[in-house]
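Colleague: Sharing a structure, written as structure tokens. Questions coming.
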Amino acid sequence: MMYEGKSKRVYVKNSNTLIMEFKDTVTALDGARIAEAPGKGILNAALTAYFFDMLKKEGIENHFMDYDGCRVITVKKLNMVPIEVIVRNYAYGSLIKRLPLFKPLTKLTTPLVEFHYKSDELHDPLILPEDVVNSGLMSLDEVKYVILTSLRVNEVLTRRLSECGLRLIDFKLEYGRDLNNKLVLADEISGDTIRVLDSDGRHLDKELFRRGGGVDDLIKAYALLAQRLGVNVTV
Ligand code: ADP
Ligand code: CDP
């Protein structure tokens, strides 16, 4: 095992390939709230495989290689950039906390791309694109690539979810560098990392747990999200 994070275990398969095992653990508040949600690992692995495969078919290169049909995906090994890229279509969550002028779910005039420095101790602070470049985390060209790619991901996900009667509020992406130093989209796209509402305004994502809800409701919501997308997964 190379790394154990809050929601995944990462194993080295060979010098270019990793195995990612999705855990049933669910966390919120930078890991301060933690619980076991049986079924979450399978649901998130299946959804991540589904979304990354779809993005690949849309020409958006990413780390996904293979899915075992259970809780494991095989991915290209990357050198991760410690940045969380958040794309927002509607005001919610930390955007409202930092600027309470927004009413929740106000549609943004254009999608917003934010950079957050990945650090639980610092609570993933929002940083400027200039900070990303000046600190040496990414070059200016890389920042431009990440913004354009993240907006393309947003278009693909928004379209697919809306076909299923679902509204994409926001989501988080991560990127890493391959052996040629090229940035590649990585990590996961699942109920843990997106906010999505059904036509009745119900969350099919981790917001339920963040607000203090139980794990049974969370698993039901994740299973419904998979079902709406036509992702076949038995929990
Ligand atoms: P966290 O580190 O936030 O607790 P996880 O439990 O999801 O997160 O752990 C997965 C780790 O694997 C994260 O640190 C993520 O940045 C990293 N990662 C994701 N994709 C890749 C990849 N293709 N190559 C190397 N590391 C990756
Ligand atoms: O409201 P909160 O502080 O959790 O965060 P946010 O910045 O409003 O989150 C925006 C989007 O990024 C949501 O879809 C979160 O699920 C996702 N996110 C994530 O996946 N991981 C993080 N560490 C933070 C946000």
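If you're wondering about the labels, chains in the structure tokens are A, B, ... by order shown, residues count from 1 in each chain, ligands from 1 in order shown.
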Any residue with an atom at most 8 Å from ligand 2 counts, using only C-alpha atoms and all ligand atoms. Which are they? Put them as a PyMOL selection string.

Modeller: chain A and resi 28-30+84-88+92-96+118+124+169-173+191-196+205-207+210

Colleague: I'd like a table as CSV: residues in stretch 63-89 of chain A with an atom no more than 9 Å from stretch 133-140 of chain A, each row giving the shortest atom pair and its distance in Å to one decimal, only C-alpha atoms counted, sorted by chain and rising residue number.

Modeller:
```
residue,atom,partner,partner_atom,distance
A:Val81,CA,A:Leu137,CA,6.9
A:Pro82,CA,A:Leu137,CA,7.9
A:Ile83,CA,A:Leu137,CA,8.3
```

Colleague: State, in Å with one decimal place, the distance from atom 15 (C, counted along the ligand's line) of ligand 1 to atom CA of A:Lys8.

Modeller: 8.4 Å

Colleague: Dump as a tab-separated table the rows for residues of chain A within 9 Å of ligand 1: closest atom pair and distance in Å with one decimal, only C-alpha atoms and all ligand atoms counted, ordered by chain and rising residue number.

Modeller:
```
residue	atom	partner	partner_atom_place_in_ligand_line	distance
A:Tyr3	CA	ligand 1	11 (C)	6.9
A:Glu4	CA	ligand 1	6 (O)	6.1
A:Gly5	CA	ligand 1	6 (O)	3.1
A:Lys6	CA	ligand 1	4 (O)	3.7
A:Ser7	CA	ligand 1	6 (O)	3.6
A:Lys8	CA	ligand 1	6 (O)	3.8
A:Arg9	CA	ligand 1	6 (O)	6.3
A:Val10	CA	ligand 1	12 (O)	6.3
A:Thr17	CA	ligand 1	24 (N)	8.0
A:Leu18	CA	ligand 1	24 (N)	6.7
A:Met20	CA	ligand 1	10 (C)	7.6
A:Glu21	CA	ligand 1	10 (C)	9.0
A:Phe22	CA	ligand 1	6 (O)	7.9
A:Lys23	CA	ligand 1	6 (O)	8.0
A:Asp30	CA	ligand 1	3 (O)	8.8
A:Gly31	CA	ligand 1	4 (O)	8.3
A:Asn62	CA	ligand 1	23 (N)	8.4
A:His63	CA	ligand 1	23 (N)	5.3
A:Phe64	CA	ligand 1	23 (N)	7.7
A:Thr74	CA	ligand 1	23 (N)	8.8
A:Val75	CA	ligand 1	23 (N)	5.5
A:Lys76	CA	ligand 1	23 (N)	5.1
A:Lys77	CA	ligand 1	24 (N)	4.0
A:Leu78	CA	ligand 1	24 (N)	3.8
A:Asn79	CA	ligand 1	25 (C)	5.7
A:Met80	CA	ligand 1	26 (N)	5.6
A:Val81	CA	ligand 1	16 (O)	7.5
A:Pro82	CA	ligand 1	16 (O)	7.0
A:Ile83	CA	ligand 1	16 (O)	8.6
A:Glu84	CA	ligand 1	16 (O)	8.8
A:Lys118	CA	ligand 1	3 (O)	7.9
A:Ser119	CA	ligand 1	3 (O)	8.6
A:Asp120	CA	ligand 1	3 (O)	8.2
A:Glu174	CA	ligand 1	16 (O)	6.6
A:Tyr175	CA	ligand 1	20 (N)	7.6
A:Gly176	CA	ligand 1	22 (C)	6.6
A:Arg177	CA	ligand 1	24 (N)	8.4
A:Asp178	CA	ligand 1	24 (N)	8.6
A:Val184	CA	ligand 1	23 (N)	8.1
A:Leu185	CA	ligand 1	23 (N)	7.9
A:Ala186	CA	ligand 1	20 (N)	4.6
A:Asp187	CA	ligand 1	19 (C)	3.5
A:Glu188	CA	ligand 1	19 (C)	7.0
```

Colleague: Take the selection from the previous step and output its residues with N, CA and C atoms, as a compact mmCIF listing (two decimals), in the first residue's frame.

Modeller:
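For reference, result03.txt as written:
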```txt
# COMPACT_ATOMS: atom_id res chain seq x y z
N TYR A 3 -0.56 4.52 0.08
CA TYR A 3 -1.18 5.64 0.78
C TYR A 3 -2.57 5.23 1.23
N GLU A 4 -2.95 5.66 2.43
CA GLU A 4 -4.35 5.50 2.84
C GLU A 4 -4.91 6.87 3.16
N GLY A 5 -5.91 7.28 2.40
CA GLY A 5 -6.53 8.59 2.62
C GLY A 5 -7.85 8.44 3.35
N LYS A 6 -8.64 9.50 3.35
CA LYS A 6 -9.92 9.48 4.06
C LYS A 6 -10.92 8.55 3.38
N SER A 7 -10.84 8.46 2.05
CA SER A 7 -11.86 7.65 1.38
C SER A 7 -11.32 6.57 0.45
N LYS A 8 -9.99 6.52 0.25
CA LYS A 8 -9.44 5.48 -0.63
C LYS A 8 -8.12 4.94 -0.09
N ARG A 9 -7.83 3.66 -0.45
CA ARG A 9 -6.49 3.10 -0.23
C ARG A 9 -5.85 3.00 -1.60
N VAL A 10 -4.58 3.37 -1.68
CA VAL A 10 -3.89 3.38 -2.96
C VAL A 10 -2.74 2.38 -2.91
N THR A 17 1.41 2.26 -12.78
CA THR A 17 -0.01 1.96 -12.53
C THR A 17 -0.30 1.80 -11.04
N LEU A 18 -1.46 2.34 -10.63
CA LEU A 18 -1.90 2.22 -9.24
C LEU A 18 -3.25 1.52 -9.19
N MET A 20 -6.68 1.67 -6.94
CA MET A 20 -7.37 2.50 -5.96
C MET A 20 -8.57 1.75 -5.42
N GLU A 21 -8.58 1.57 -4.10
CA GLU A 21 -9.67 0.85 -3.45
C GLU A 21 -10.52 1.86 -2.70
N PHE A 22 -11.79 1.93 -3.06
CA PHE A 22 -12.70 2.90 -2.42
C PHE A 22 -13.23 2.32 -1.12
N LYS A 23 -13.03 3.06 -0.03
CA LYS A 23 -13.44 2.59 1.29
C LYS A 23 -14.92 2.92 1.54
N ASP A 30 -13.39 18.15 7.20
CA ASP A 30 -11.95 17.83 7.12
C ASP A 30 -11.60 16.61 7.96
N GLY A 31 -12.49 15.64 8.01
CA GLY A 31 -12.20 14.39 8.71
C GLY A 31 -12.66 14.38 10.16
N ASN A 62 -7.78 11.26 -19.00
CA ASN A 62 -7.74 11.16 -17.54
C ASN A 62 -7.03 9.87 -17.12
N HIS A 63 -6.88 9.68 -15.80
CA HIS A 63 -6.05 8.58 -15.29
C HIS A 63 -6.72 7.21 -15.31
N PHE A 64 -8.02 7.15 -15.62
CA PHE A 64 -8.77 5.90 -15.49
C PHE A 64 -8.32 4.85 -16.53
N THR A 74 -8.25 0.71 -11.57
CA THR A 74 -6.83 0.80 -11.91
C THR A 74 -6.62 2.13 -12.63
N VAL A 75 -5.58 2.84 -12.21
CA VAL A 75 -5.34 4.18 -12.78
C VAL A 75 -3.87 4.36 -13.13
N LYS A 76 -3.62 5.35 -13.98
CA LYS A 76 -2.25 5.74 -14.30
C LYS A 76 -1.65 6.43 -13.08
N LYS A 77 -0.43 6.06 -12.72
CA LYS A 77 0.22 6.66 -11.55
C LYS A 77 0.69 8.08 -11.91
N LEU A 78 0.33 9.01 -11.08
CA LEU A 78 0.68 10.41 -11.34
C LEU A 78 1.35 11.04 -10.13
N ASN A 79 2.01 12.15 -10.38
CA ASN A 79 2.56 12.95 -9.30
C ASN A 79 1.54 14.07 -9.04
N MET A 80 0.78 13.92 -7.97
CA MET A 80 -0.39 14.80 -7.78
C MET A 80 0.01 16.23 -7.42
N VAL A 81 -0.75 17.17 -7.96
CA VAL A 81 -0.60 18.58 -7.60
C VAL A 81 -1.53 18.81 -6.40
N PRO A 82 -1.02 19.35 -5.29
CA PRO A 82 -1.88 19.48 -4.09
C PRO A 82 -2.89 20.63 -4.19
N ILE A 83 -3.71 20.55 -5.23
CA ILE A 83 -4.73 21.59 -5.44
C ILE A 83 -6.06 20.91 -5.69
N GLU A 84 -7.12 21.43 -5.08
CA GLU A 84 -8.47 20.99 -5.42
C GLU A 84 -9.07 22.05 -6.33
N LYS A 118 -4.63 22.08 -1.14
CA LYS A 118 -5.08 20.87 -0.46
C LYS A 118 -4.35 20.70 0.88
N SER A 119 -5.02 21.05 1.97
CA SER A 119 -4.41 20.92 3.29
C SER A 119 -5.52 20.86 4.34
N ASP A 120 -5.67 19.68 4.98
CA ASP A 120 -6.71 19.55 6.01
C ASP A 120 -6.48 20.53 7.16
N GLU A 174 -9.15 16.87 -9.29
CA GLU A 174 -7.72 16.93 -8.97
C GLU A 174 -6.93 16.56 -10.22
N TYR A 175 -5.72 17.06 -10.30
CA TYR A 175 -4.85 16.78 -11.44
C TYR A 175 -3.48 16.33 -10.95
N GLY A 176 -2.79 15.54 -11.79
CA GLY A 176 -1.43 15.12 -11.47
C GLY A 176 -0.59 15.09 -12.74
N ARG A 177 0.72 14.96 -12.56
CA ARG A 177 1.62 14.94 -13.73
C ARG A 177 2.07 13.51 -14.04
N ASP A 178 2.09 13.18 -15.35
CA ASP A 178 2.57 11.85 -15.74
C ASP A 178 4.08 11.88 -15.94
N VAL A 184 -2.69 15.54 -16.02
CA VAL A 184 -3.76 14.60 -16.36
C VAL A 184 -4.83 14.69 -15.26
N LEU A 185 -6.08 14.70 -15.67
CA LEU A 185 -7.20 14.67 -14.72
C LEU A 185 -7.17 13.37 -13.93
N ALA A 186 -7.41 13.44 -12.59
CA ALA A 186 -7.25 12.23 -11.76
C ALA A 186 -8.30 12.16 -10.65
N ASP A 187 -7.98 11.37 -9.65
CA ASP A 187 -8.78 11.15 -8.44
C ASP A 187 -10.15 10.55 -8.75
N GLU A 188 -11.23 11.11 -8.21
CA GLU A 188 -12.55 10.49 -8.35
C GLU A 188 -13.61 11.52 -8.71
```

Colleague: Which residue gives the smallest distance to A:Leu225 among A:Leu47, A:Arg98, A:Arg160, A:Phe115, with only C-alpha atoms counted?

Modeller: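 With only C-alpha atoms as the atom set, the closest residue is A:Leu47.
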
Colleague: Quick one: pick out all helix (DSSP H, G or I) residues within stretch 40-210 of chain A from a backbone DSSP run and write them as a PyMOL selection string.

Modeller: chain A and resi 40-57+94-98+129-134+140-163+207-210

Colleague: Tell me which of A:Ser190, A:Gln227, A:Thr158, A:Asn232 sits closest to A:Phe52, counting only C-alpha atoms.

Modeller: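 Ranking A:Ser190, A:Gln227, A:Thr158, A:Asn232 by distance to A:Phe52, first place goes to A:Ser190.
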
Colleague: Using only C-alpha atoms, which of A:Arg159, A:Arg152, A:Lys13, A:Lys40 sits nearest A:Leu218?

Modeller: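 Of all the options, A:Lys40 lies closest to A:Leu218.
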
Colleague: Enumerate, as a PyMOL selection string, the complete set of residues in stretch 19-205 of chain A that a backbone-based DSSP assignment places in strand (DSSP E).

Modeller: chain A and resi 19-22+25-28+33-36+64-67+72-76+79-80+83-90+107-117+126-127+167-177+183-186+194-197

Colleague: For A:Gly39, work out the shell of residues within 8 Å, counting only C-alpha atoms and skipping chain neighbours fewer than 4 positions away, then give it as a list in words.

Modeller: Asp24, Leu43, Ile219 and Val235 of chain A

Colleague: One decimal, Å: what's the distance from atom CA of A:Leu105 over to atom CA of A:Tyr90, could you say?

Modeller: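 One can read the atom CA of A:Leu105 to atom CA of A:Tyr90 distance as 5.0 Å.
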
Colleague: Report, in Å to a single decimal, how far apart atom CA of A:Pro100 and atom CA of A:Asp217 are.

Modeller: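 One can read the atom CA of A:Asp217 to atom CA of A:Pro100 distance as 28.6 Å.
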
Colleague: Which is closest to A:Lys144 among A:Tyr117, A:Leu183, A:Leu108, A:Lys220, if we use only C-alpha atoms?

Modeller: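 Looking only at the distances to A:Lys144, the closest residue turns out to be A:Leu183.
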
Colleague: Using only C-alpha atoms, which residue out of A:Val143, A:Val12, A:Leu197, A:Leu208 lies closest to A:Glu130?

Modeller: A:Val143
